[in-house]
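Structure, as structure tokens:
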Amino acid sequence: MKDTTTEVPVNLPANQEDPKYGSDIMVDMIREMGFDYVTLTPGSTFRGLHDSLVNYGRNHKPEMILCAHEEIAVSMAHGYAKMTNKPACVILHNLVGLQHAMMSFWNAFADRAPMLVIGGSGPLDPAERRLIDWLHAANNQSELMRPYTKWTDEPPTQQGTLNSLAKAYRIAGNAPKGITYVSIDATVQEEELDEAVTIPDMSLPRYKTSPPVAATQETIEAAANMMMEAKLPLIIGGRFGRIAGTTKYLQELVELTGAAYQEGKDVVCMPTDHPQNLTGGFGPTKESKIRGEADLILIIDNQDVADLTGEYGKARGGGYGYIVEGDNPKIVIDLSLNDLSIDNWAAIGGSLPPVDLHLFADPLYGMKQLLVELKNRAEKNPEWQKKAQANAKAIAKRHDALRKMQKDVLEKNFDNDPISVPRLIHEVWEAVKDKPYVVANRNYRSWYEGIWKFEGCNQYLGNNAGGGVGYGPGGVVGSALAARDMGRFTVCIMGDGDFSMNPAALWSAAHYKIPVLIVLHNNNSFGNDEEHQSKLAKYRGRPSENAWIGQKMIGPDIDFASTARSFGATGYGPIDNPNDIAANLKKAVADVEAGGVALVDIRTALN
């Protein structure tokens, strides 16, 4: 009887054999690049590579992570890459596998996630094709991937394949990071090994990622001049908050300049309770209007600078609430490599923003450059230091008022029926706050700031980036795979619509013993679109009471706890009473700490 608790191959020689086939040495190449795991959904066009991963590579470094759908396989790689900040590897079947994965590729592309995609293809030689190969073969399979990738290749030989993999790994990891794709011909995989083939030595300089791009000294000095002359500077953090160590330098910059601070869209870089952190201030209070009052905004590593400067304020409802009020003239500094990420087919990044100075640099490296320049100047300019300290003191009062307002929102809605989102966030925070947690994703469209007390970077990984619903289950499990190996506790707050699209990711988590806590923010609706219908109906003078039609997933309700159990996880809920949340979360946390997968279904209000 087969042992289904492990995936350790049997009946193999005591010592690893020498490579015999093209796919054997490709496994050696994947190992040489340092991949511990490859996510995949099986397909016949990489049957040679699959066999070699098991019966030659012994399913170890890399270990195969089986996924029920290609979209899950790519989302897992996406989440893993965000947690580790290095390329992840996914292997996919040819055309049909690639087309299944397209939504996940879009999210990873939008997120600039580093990923090496290996695609089975062909055979290119028509004489080698079976019936099914004619149906699935393409003259140029890479064409399908080019909109999403930094580089693609379809090497015709075994040596060419190894060389392409090495190049693809380097390009994926170079800033700005992204997806690369290498299509491996089925015949090249299955043929006996050409004796002349050698594995590229990944320790050689030619295969190393390039050093970080530095800003010119001229632009660093110009930025320092602008920041020192500003009356009320504002710094907005971005995606570099996933990188461990970012907070130390960012916090030093914020404190040195006396700047107000806010997080960009769907990121966390600074401690929630830092006295200069005004994140979440987008309501009607004085504390929320810092973007209108600031005379200088330094935006670091944000995808859409135009949104953060209020450029979409009149566009059918604007952006994500970042409406900049006030007529004060502003100086905008963009510290990023965004101009290297512009694609010729997608509109990611929005309109050309009103930037006065581009600090064209790796965001973390460029910020360190600016910090060094400002520290040197501060030693010679005590008056500027006094002004910065005074600003910081005034901002701290606004911080306290803002956090009090946010606390009042929680208290006001604490016992709501249905359960309020602030209460949901509070309960999950209380359940995991003492753990070495990472929030793999959250309900960022309805996230109430100030309730969850982040300490800084690398505690929140961000959502799907491309707006593609369905990322959540696979992305969270991929993040949890990396977090497991780092000794971190993975938790997420996920929408029911997101989860419903790819629940089979729980099977992979349970099978490979990837501990993760998934808390469902379950409003039985595609809530964002229900809000759109309500707003549009009011605008048109039509009944908003009908907004739920075509949005609510009710009659019958989905039994998410049973769904979780069917995939090997534990399931709790549905929970309708807010006073029942804590006890169920306590049990779920214990499950995860014991190495399990747990889902808690909490029925909530729409927002």
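Lettering and numbering for the structure tokens are positional, with chains as A, B, ... in the shown order, residues counted from 1 in each chain, and ligands counted from 1 in the shown order.
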Shell around region 9-11 of chain A at 10 Å using only C-alpha atoms, local window under 2 positions removed, as number ranges by chain = A: 2, 6-7, 13-14, 54-60
Export of the given selection (C-alpha atoms) as a PDB file, in the first residue's frame:
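Okay, selection-v3.pdb is ready:
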ATOM      1  CA  LYS A   2       1.287   3.462  -0.898  1.00  0.00           C
ATOM      2  CA  THR A   6       4.907  11.588   2.277  1.00  0.00           C
ATOM      3  CA  GLU A   7       6.056  11.935  -1.296  1.00  0.00           C
ATOM      4  CA  PRO A  13      19.374   3.193  -5.887  1.00  0.00           C
ATOM      5  CA  ALA A  14      21.078   4.098  -2.629  1.00  0.00           C
ATOM      6  CA  VAL A  54      10.956  12.214  -8.866  1.00  0.00           C
ATOM      7  CA  ASN A  55      13.148   9.327 -10.003  1.00  0.00           C
ATOM      8  CA  TYR A  56      16.402  11.231 -10.544  1.00  0.00           C
ATOM      9  CA  GLY A  57      16.143  14.229  -8.205  1.00  0.00           C
ATOM     10  CA  ARG A  58      14.277  12.185  -5.536  1.00  0.00           C
ATOM     11  CA  ASN A  59      11.720  14.984  -5.121  1.00  0.00           C
ATOM     12  CA  HIS A  60      14.086  16.963  -2.918  1.00  0.00           C
TER      13      HIS A  60
END
key: Nearby residues (only C-alpha atoms) at most 12 Å from Gly366 (chain A), same-chain spacing under 6 positions excluded, as a PyMOL selection string   = chain A and resi 212-217+219-221+223+240+246+249-250+253+299-301+334-337+358-360+372-373
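In this comparison, which uses only C-alpha atoms, the residue of A:Leu278, A:Ala361, A:Val254, A:Ala465 approaching Gln406 (chain A) most closely is A:Leu278.
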ask   = Got a sec to tell me which of region 281-492 of chain A DSSP assigns to alpha helix (DSSP H), as a ChimeraX atom specification?
value = /A:290-293,305-308,363-378,382-412,421-432,471-486
inquiry  = One decimal, in Å: what's the spacing between CA of Ile602 (chain A) and CA of Met83 (chain A)?
reply    =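 For CA of Ile602 (chain A) relative to CA of Met83 (chain A), the distance reads 26.4 Å.
Note that the spacing between CA of Ile65 (chain A) and CA of Ala564 (chain A) amounts to 18.9 Å.
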